[in-house]
Structures are given as structure tokens and as C-alpha cells.
Amino acid sequence: MKKLIIVIPAFNEEASLGTVIGKIPRAFDSQVRVEVLVVDDGSVDNTVEVAERAGAEHILSFPHNRGLGAAVREGLKEAYRLGADAAIMIDADDEYPAEHIPRVVEPVFTGKADYVLASRFRRRVRGMKLYRRLGNYFFTALQTVLLRTWITDGQTGFRAFSRPVLRDMDILHDYNYAQVMTINIVCQGYRLAEVDIPYKVRETGESFITFRYLAHVFPAIWREWRRSIVKKTQKNSLVYKKAERE
């Protein structure tokens with residue numbers, strides 16, 4: 001039986017977390033065991049208690065707020081340690097449709113892809129604030145150009161990962177993860193796919209997406225792309241030298 005772990009980073013999300021966990025399909029495939037891992041990023045509300053009551057099998061808590069990038073990184077590492085054959089990452093704010101988890105993870109389980117982005121922009125999007133929409137378009141286009149891979153939603157908070165990707169990906173930034181994660185994974189040669197999903201405007205809590213956040217994103221993307229290119233070049237050089245010796 002395959003194990004699918006749903007990783008939910010959460011910071012003060014008591015109002016919506018129980019709803020998200022309740023929407024997760026637990027028995028969509030008799031050969032897949034679904035478990036929920038909530039990463040409590042130093043919440044000061046009842047996030048942990050809500051997660052326990054909603055049936056989360058695993059809770060990883062930080063003593064203080066470390067940032068979304070750290071919560072995602074440590075949550076996916078923990079999913080790997082727990083033996084996940086695949087993992088889904090989904091936000092705790094109920095913007096993303098957890099009931100679509102089987103569709104998003106399907107390319108991983110069928111071997112069609114190693115990494116899947118659940119794209120809001122393959123369908124018509126209503127209600128998203130203009131600055132968020134424009135920021136998404138810009139940074140998604142930047143990733144498309146850098147990676148030479150067509151992407152429609154580079155900032156989605158709903159993604160699927162194969163076990164090898166969980167093992168090999170490397171997120172250096174605590175503040176931002178969305179774009180640098182994709183650059184890191186694709187530059188390692190892993191196959192990317194997108195699955196369309198519906199989008200619902202956030203109804204509880206506050207979004208961390210601000211103009212200050214957007215100002216940090218571009219430098220992070222550039223550093224990660226340069227780092228990944230250097231690592232890829234070094235790897236190719238070592239392979240070439242090995243082939244010469246043989």
C-alpha cells in the first residue's frame with residue numbers, strides 16, 4: 001500500500017484548518033493510505049487543538065514563528081521521514097479545494113510527473129486582488145523564462161511531490177518558498193506537470209502576500225536560479241571528467 005501524506009503549514013489558522021482537514025479525501029483509492037501532517041509555525045491561537053480534533057495524524061510544532069518557507073521545508077522533510085511515497089502540500093486557509101487532492105497527486109502515482117502544481121489560472125479566476133494577480137503573472141512568467149518550461153501558476157499553495165523529489169529538493173529561504181522550490185526541483189531534472197483547480201477567495205485570517213513580500217521574491221528567485229545553474233554545471237563537469245577517465 002502506498003502512503004500519501006498531506007502537509008499543511010499553519011500559522012494562526014484555527015478558523016479554517018478544521019474545514020481543510022475535513023475536506024481531505026481519505027479513501028479515494030484502496031491502495032493509498034492518507035495521513036495528515038500539520039506544521040504549526042509558532043501559532044498563538046488554537047491551531048494545534050483544532051488539528052488534533054479534526055483528525056491530523058501528525059503535528060510538527062515550532063516554538064516560535066519561523067516563516068512559511070521553513071514550515072514547508074520541515075513539513076516535507078518530515079513527510080519523507082514518515083515514509084511518504086508521495087506528498088501533497090496545501091495551504092490551511094481553505095482557498096484551495098482539498099477535495100481535488102486525488103486529481104493533483106494522480107500524475108505522481110501514475111509516473112507521469114515527479115512534481116505537480118495545482119494551477120488556479122488554467123480556469124477563470126474571480127475575486128483575487130489585482131496586485132496579487134499581477135504579481136502572480138509576473139513571477140510565473142519569470143519562472144517560465146528561466147526554466148524554459150511553461151508554467152501558469154508559479155505561486156500556488158497546492159502541490160504534489162514524489163518521494164525522490166522529497167528527498168532531493170532544497171529550500172534555503174525561510175521567508176519565501178514558492179518560486180525557489182520550483183526552480184530547485186526542475187533544475188535537478190525532475191518532470192513538472194500542472195492540474196487545473198478552482199479558486200476561492202480567502203475568507204478567514206490574513207494573507208502574508210503583501211507588497212513587502214513581493215519585494216523579497218525577485219532577489220530570492222535570482223539567487224536560487226544562479227545557485228541551481230552552478231550546481232548543474234558542476235555536476236555535468238564531473239560526469240564529463242568521469243567519462244573521459246573511462
# chains A, B, ... in the order shown; residues from 1 in each chain; ligands from 1

$ select_by_dssp --residues "range 89-209 of chain A" --states "helix (DSSP H, G or I)" --output "PyMOL selection string"
chain A and resi 98-109+130-147+163-168+178-187

$ residues_around --residues "Val186 in chain A" --least-positions-apart "6" --cutoff "9 Å" --atoms "only C-alpha atoms" --output "PDB file with all heavy atoms, in the first residue's frame"
ATOM      1  N   TYR A 115       6.561  16.171  -9.948  1.00  0.00           N
ATOM      2  CA  TYR A 115       6.211  17.385  -9.203  1.00  0.00           C
ATOM      3  C   TYR A 115       5.029  18.030  -9.910  1.00  0.00           C
ATOM      4  O   TYR A 115       5.070  18.236 -11.127  1.00  0.00           O
ATOM      5  CB  TYR A 115       7.431  18.301  -9.198  1.00  0.00           C
ATOM      6  CG  TYR A 115       7.260  19.673  -8.621  1.00  0.00           C
ATOM      7  CD1 TYR A 115       6.735  19.883  -7.349  1.00  0.00           C
ATOM      8  CD2 TYR A 115       7.686  20.797  -9.343  1.00  0.00           C
ATOM      9  CE1 TYR A 115       6.623  21.154  -6.825  1.00  0.00           C
ATOM     10  CE2 TYR A 115       7.581  22.072  -8.820  1.00  0.00           C
ATOM     11  CZ  TYR A 115       7.055  22.249  -7.555  1.00  0.00           C
ATOM     12  OH  TYR A 115       6.951  23.513  -7.044  1.00  0.00           O
ATOM     13  N   LEU A 147      13.305  28.774 -16.616  1.00  0.00           N
ATOM     14  CA  LEU A 147      13.318  27.307 -16.676  1.00  0.00           C
ATOM     15  C   LEU A 147      13.012  26.767 -18.073  1.00  0.00           C
ATOM     16  O   LEU A 147      13.156  25.561 -18.305  1.00  0.00           O
ATOM     17  CB  LEU A 147      12.300  26.735 -15.683  1.00  0.00           C
ATOM     18  CG  LEU A 147      12.586  27.028 -14.213  1.00  0.00           C
ATOM     19  CD1 LEU A 147      11.423  26.557 -13.339  1.00  0.00           C
ATOM     20  CD2 LEU A 147      13.883  26.344 -13.772  1.00  0.00           C
ATOM     21  N   THR A 149      10.222  26.285 -19.293  1.00  0.00           N
ATOM     22  CA  THR A 149       9.140  25.328 -19.055  1.00  0.00           C
ATOM     23  C   THR A 149       7.856  26.116 -18.840  1.00  0.00           C
ATOM     24  O   THR A 149       7.831  27.052 -18.034  1.00  0.00           O
ATOM     25  CB  THR A 149       9.429  24.477 -17.801  1.00  0.00           C
ATOM     26  OG1 THR A 149      10.649  23.755 -17.992  1.00  0.00           O
ATOM     27  CG2 THR A 149       8.302  23.496 -17.529  1.00  0.00           C
ATOM     28  N   LEU A 192       7.845  18.215 -14.394  1.00  0.00           N
ATOM     29  CA  LEU A 192       6.794  19.051 -13.821  1.00  0.00           C
ATOM     30  C   LEU A 192       5.513  18.900 -14.623  1.00  0.00           C
ATOM     31  O   LEU A 192       5.540  18.781 -15.851  1.00  0.00           O
ATOM     32  CB  LEU A 192       7.248  20.510 -13.805  1.00  0.00           C
ATOM     33  CG  LEU A 192       6.280  21.558 -13.249  1.00  0.00           C
ATOM     34  CD1 LEU A 192       7.061  22.688 -12.589  1.00  0.00           C
ATOM     35  CD2 LEU A 192       5.396  22.138 -14.359  1.00  0.00           C
TER      36      LEU A 192
END

$ residues_around --residues "range 38-49 of chain A" --least-positions-apart "6" --cutoff "8 Å" --atoms "only C-alpha atoms" --output "list in words"
Val7, Ile8, Pro9, Ala10, Phe11, Asn12, Glu13, Glu14, Leu17, Ala56, His58, Ile59, Leu60, Ser61, Phe62, Pro63, His64, Asn65, Arg66, Gly67, Leu68, Ala71, Val72 and Gly75 of chain A

$ residues_around --residues "Ile151 in chain A" --least-positions-apart "2" --cutoff "8 Å" --atoms "only C-alpha atoms" --output "number ranges by chain"
A: 140-141, 143-144, 149, 153-154, 194

$ write_last_selection --atoms "all heavy atoms" --output "short mmCIF file (atom, residue, chain, number, x, y, z; two decimals), in the first residue's frame"
data_model
loop_
_atom_site.label_atom_id
_atom_site.label_comp_id
_atom_site.auth_asym_id
_atom_site.auth_seq_id
_atom_site.Cartn_x
_atom_site.Cartn_y
_atom_site.Cartn_z
N THR A 140 5.38 34.22 -12.30
CA THR A 140 5.20 32.98 -13.06
C THR A 140 5.88 33.09 -14.42
O THR A 140 6.55 32.15 -14.87
CB THR A 140 3.70 32.67 -13.22
OG1 THR A 140 3.13 32.42 -11.93
CG2 THR A 140 3.50 31.44 -14.10
N ALA A 141 5.72 34.24 -15.08
CA ALA A 141 6.38 34.44 -16.37
C ALA A 141 7.90 34.39 -16.22
O ALA A 141 8.60 33.82 -17.08
CB ALA A 141 5.96 35.79 -16.96
N GLN A 143 9.61 32.64 -14.00
CA GLN A 143 10.00 31.23 -13.86
C GLN A 143 9.94 30.51 -15.20
O GLN A 143 10.81 29.69 -15.50
CB GLN A 143 9.06 30.54 -12.86
CG GLN A 143 9.23 31.00 -11.43
CD GLN A 143 8.17 30.39 -10.54
OE1 GLN A 143 8.24 29.23 -10.17
NE2 GLN A 143 7.16 31.18 -10.21
N THR A 144 8.92 30.81 -15.99
CA THR A 144 8.78 30.19 -17.31
C THR A 144 10.00 30.49 -18.17
O THR A 144 10.54 29.61 -18.85
CB THR A 144 7.50 30.67 -18.00
OG1 THR A 144 6.37 30.21 -17.25
CG2 THR A 144 7.41 30.16 -19.42
N THR A 149 10.22 26.28 -19.29
CA THR A 149 9.14 25.33 -19.05
C THR A 149 7.86 26.12 -18.84
O THR A 149 7.83 27.05 -18.03
CB THR A 149 9.43 24.48 -17.80
OG1 THR A 149 10.65 23.76 -17.99
CG2 THR A 149 8.30 23.50 -17.53
N ASP A 153 0.91 28.87 -12.99
CA ASP A 153 0.67 29.30 -11.61
C ASP A 153 1.87 28.95 -10.74
O ASP A 153 1.88 27.95 -10.03
CB ASP A 153 -0.60 28.65 -11.06
CG ASP A 153 -1.07 29.28 -9.75
OD1 ASP A 153 -0.35 30.14 -9.22
OD2 ASP A 153 -2.15 28.90 -9.26
N GLY A 154 2.88 29.81 -10.79
CA GLY A 154 4.11 29.54 -10.06
C GLY A 154 4.04 29.80 -8.58
O GLY A 154 4.96 29.47 -7.83
N GLU A 194 1.09 20.31 -14.49
CA GLU A 194 0.08 21.15 -13.85
C GLU A 194 -1.30 20.49 -13.97
O GLU A 194 -1.60 19.81 -14.96
CB GLU A 194 0.02 22.53 -14.50
CG GLU A 194 1.17 23.44 -14.11
CD GLU A 194 0.95 24.88 -14.57
OE1 GLU A 194 0.24 25.08 -15.57
OE2 GLU A 194 1.49 25.78 -13.91
#

$ closest_residue --among "A:Lys3, A:Arg73, A:Arg167, A:Arg33" --to "Val180 in chain A" --atoms "only C-alpha atoms"
A:Arg73

$ closest_residue --among "A:Leu76, A:Ala27, A:Ile197, A:Ala54" --to "Asp168 in chain A" --atoms "only C-alpha atoms"
A:Leu76

$ decode --residues "range 21-33 of chain A" --atoms "all heavy atoms" --output "PDB file, in the first residue's frame"
ATOM      1  N   ILE A  21      -8.950  20.102   6.745  1.00  0.00           N
ATOM      2  CA  ILE A  21      -8.694  18.694   7.079  1.00  0.00           C
ATOM      3  C   ILE A  21      -9.935  17.856   6.807  1.00  0.00           C
ATOM      4  O   ILE A  21      -9.849  16.726   6.293  1.00  0.00           O
ATOM      5  CB  ILE A  21      -8.246  18.561   8.546  1.00  0.00           C
ATOM      6  CG1 ILE A  21      -6.888  19.240   8.748  1.00  0.00           C
ATOM      7  CG2 ILE A  21      -8.158  17.089   8.954  1.00  0.00           C
ATOM      8  CD1 ILE A  21      -6.412  19.276  10.186  1.00  0.00           C
ATOM      9  N   GLY A  22     -11.101  18.398   7.123  1.00  0.00           N
ATOM     10  CA  GLY A  22     -12.348  17.661   6.901  1.00  0.00           C
ATOM     11  C   GLY A  22     -12.653  17.397   5.443  1.00  0.00           C
ATOM     12  O   GLY A  22     -13.372  16.448   5.114  1.00  0.00           O
ATOM     13  N   LYS A  23     -12.133  18.225   4.551  1.00  0.00           N
ATOM     14  CA  LYS A  23     -12.369  18.056   3.112  1.00  0.00           C
ATOM     15  C   LYS A  23     -11.405  17.062   2.458  1.00  0.00           C
ATOM     16  O   LYS A  23     -11.613  16.682   1.300  1.00  0.00           O
ATOM     17  CB  LYS A  23     -12.236  19.407   2.397  1.00  0.00           C
ATOM     18  CG  LYS A  23     -13.356  20.389   2.687  1.00  0.00           C
ATOM     19  CD  LYS A  23     -13.131  21.677   1.926  1.00  0.00           C
ATOM     20  CE  LYS A  23     -14.254  22.679   2.148  1.00  0.00           C
ATOM     21  NZ  LYS A  23     -14.021  23.934   1.396  1.00  0.00           N
ATOM     22  N   ILE A  24     -10.361  16.653   3.150  1.00  0.00           N
ATOM     23  CA  ILE A  24      -9.347  15.772   2.548  1.00  0.00           C
ATOM     24  C   ILE A  24      -9.933  14.384   2.309  1.00  0.00           C
ATOM     25  O   ILE A  24     -10.393  13.737   3.254  1.00  0.00           O
ATOM     26  CB  ILE A  24      -8.101  15.682   3.445  1.00  0.00           C
ATOM     27  CG1 ILE A  24      -7.409  17.047   3.530  1.00  0.00           C
ATOM     28  CG2 ILE A  24      -7.141  14.611   2.932  1.00  0.00           C
ATOM     29  CD1 ILE A  24      -6.274  17.096   4.545  1.00  0.00           C
ATOM     30  N   PRO A  25      -9.932  13.897   1.068  1.00  0.00           N
ATOM     31  CA  PRO A  25     -10.434  12.536   0.795  1.00  0.00           C
ATOM     32  C   PRO A  25      -9.514  11.497   1.421  1.00  0.00           C
ATOM     33  O   PRO A  25      -8.307  11.486   1.155  1.00  0.00           O
ATOM     34  CB  PRO A  25     -10.400  12.449  -0.739  1.00  0.00           C
ATOM     35  CG  PRO A  25     -10.270  13.856  -1.219  1.00  0.00           C
ATOM     36  CD  PRO A  25      -9.502  14.580  -0.162  1.00  0.00           C
ATOM     37  N   ARG A  26     -10.071  10.651   2.250  1.00  0.00           N
ATOM     38  CA  ARG A  26      -9.257   9.663   2.950  1.00  0.00           C
ATOM     39  C   ARG A  26      -9.278   8.292   2.270  1.00  0.00           C
ATOM     40  O   ARG A  26      -8.384   7.482   2.495  1.00  0.00           O
ATOM     41  CB  ARG A  26      -9.762   9.505   4.391  1.00  0.00           C
ATOM     42  CG  ARG A  26      -9.594  10.749   5.248  1.00  0.00           C
ATOM     43  CD  ARG A  26      -8.151  10.943   5.655  1.00  0.00           C
ATOM     44  NE  ARG A  26      -8.011  11.920   6.726  1.00  0.00           N
ATOM     45  CZ  ARG A  26      -7.035  11.889   7.623  1.00  0.00           C
ATOM     46  NH1 ARG A  26      -6.112  10.950   7.564  1.00  0.00           N
ATOM     47  NH2 ARG A  26      -6.965  12.817   8.553  1.00  0.00           N
ATOM     48  N   ALA A  27     -10.291   8.027   1.482  1.00  0.00           N
ATOM     49  CA  ALA A  27     -10.449   6.670   0.929  1.00  0.00           C
ATOM     50  C   ALA A  27     -10.715   6.717  -0.568  1.00  0.00           C
ATOM     51  O   ALA A  27     -11.563   5.986  -1.077  1.00  0.00           O
ATOM     52  CB  ALA A  27     -11.574   5.949   1.655  1.00  0.00           C
ATOM     53  N   PHE A  28      -9.984   7.541  -1.299  1.00  0.00           N
ATOM     54  CA  PHE A  28     -10.228   7.638  -2.743  1.00  0.00           C
ATOM     55  C   PHE A  28      -9.605   6.495  -3.525  1.00  0.00           C
ATOM     56  O   PHE A  28      -9.917   6.278  -4.684  1.00  0.00           O
ATOM     57  CB  PHE A  28      -9.726   8.981  -3.283  1.00  0.00           C
ATOM     58  CG  PHE A  28      -8.234   9.179  -3.223  1.00  0.00           C
ATOM     59  CD1 PHE A  28      -7.418   8.777  -4.270  1.00  0.00           C
ATOM     60  CD2 PHE A  28      -7.654   9.775  -2.120  1.00  0.00           C
ATOM     61  CE1 PHE A  28      -6.045   8.961  -4.232  1.00  0.00           C
ATOM     62  CE2 PHE A  28      -6.281   9.971  -2.065  1.00  0.00           C
ATOM     63  CZ  PHE A  28      -5.474   9.565  -3.117  1.00  0.00           C
ATOM     64  N   ASP A  29      -8.695   5.747  -2.873  1.00  0.00           N
ATOM     65  CA  ASP A  29      -8.042   4.603  -3.527  1.00  0.00           C
ATOM     66  C   ASP A  29      -7.721   3.576  -2.455  1.00  0.00           C
ATOM     67  O   ASP A  29      -7.076   3.897  -1.447  1.00  0.00           O
ATOM     68  CB  ASP A  29      -6.757   5.057  -4.223  1.00  0.00           C
ATOM     69  CG  ASP A  29      -6.128   3.971  -5.091  1.00  0.00           C
ATOM     70  OD1 ASP A  29      -6.134   2.796  -4.688  1.00  0.00           O
ATOM     71  OD2 ASP A  29      -5.609   4.306  -6.175  1.00  0.00           O
ATOM     72  N   SER A  30      -8.152   2.341  -2.661  1.00  0.00           N
ATOM     73  CA  SER A  30      -7.939   1.294  -1.653  1.00  0.00           C
ATOM     74  C   SER A  30      -6.463   0.954  -1.458  1.00  0.00           C
ATOM     75  O   SER A  30      -6.088   0.340  -0.465  1.00  0.00           O
ATOM     76  CB  SER A  30      -8.700   0.028  -2.049  1.00  0.00           C
ATOM     77  OG  SER A  30      -8.222  -0.477  -3.302  1.00  0.00           O
ATOM     78  N   GLN A  31      -5.616   1.372  -2.421  1.00  0.00           N
ATOM     79  CA  GLN A  31      -4.186   1.096  -2.333  1.00  0.00           C
ATOM     80  C   GLN A  31      -3.386   2.301  -1.822  1.00  0.00           C
ATOM     81  O   GLN A  31      -2.159   2.279  -1.844  1.00  0.00           O
ATOM     82  CB  GLN A  31      -3.656   0.684  -3.714  1.00  0.00           C
ATOM     83  CG  GLN A  31      -4.269  -0.592  -4.249  1.00  0.00           C
ATOM     84  CD  GLN A  31      -4.072  -1.767  -3.300  1.00  0.00           C
ATOM     85  OE1 GLN A  31      -2.947  -2.041  -2.864  1.00  0.00           O
ATOM     86  NE2 GLN A  31      -5.146  -2.458  -2.983  1.00  0.00           N
ATOM     87  N   VAL A  32      -4.091   3.327  -1.358  1.00  0.00           N
ATOM     88  CA  VAL A  32      -3.418   4.529  -0.861  1.00  0.00           C
ATOM     89  C   VAL A  32      -3.892   4.834   0.559  1.00  0.00           C
ATOM     90  O   VAL A  32      -5.093   4.982   0.806  1.00  0.00           O
ATOM     91  CB  VAL A  32      -3.711   5.750  -1.772  1.00  0.00           C
ATOM     92  CG1 VAL A  32      -3.070   7.015  -1.183  1.00  0.00           C
ATOM     93  CG2 VAL A  32      -3.181   5.496  -3.177  1.00  0.00           C
ATOM     94  N   ARG A  33      -2.940   4.915   1.465  1.00  0.00           N
ATOM     95  CA  ARG A  33      -3.239   5.322   2.837  1.00  0.00           C
ATOM     96  C   ARG A  33      -2.939   6.806   2.976  1.00  0.00           C
ATOM     97  O   ARG A  33      -1.823   7.241   2.693  1.00  0.00           O
ATOM     98  CB  ARG A  33      -2.397   4.524   3.826  1.00  0.00           C
ATOM     99  CG  ARG A  33      -2.626   4.914   5.288  1.00  0.00           C
ATOM    100  CD  ARG A  33      -1.763   4.100   6.210  1.00  0.00           C
ATOM    101  NE  ARG A  33      -1.911   4.518   7.596  1.00  0.00           N
ATOM    102  CZ  ARG A  33      -1.228   4.003   8.617  1.00  0.00           C
ATOM    103  NH1 ARG A  33      -0.325   3.043   8.382  1.00  0.00           N
ATOM    104  NH2 ARG A  33      -1.423   4.434   9.844  1.00  0.00           N
TER     105      ARG A  33
END
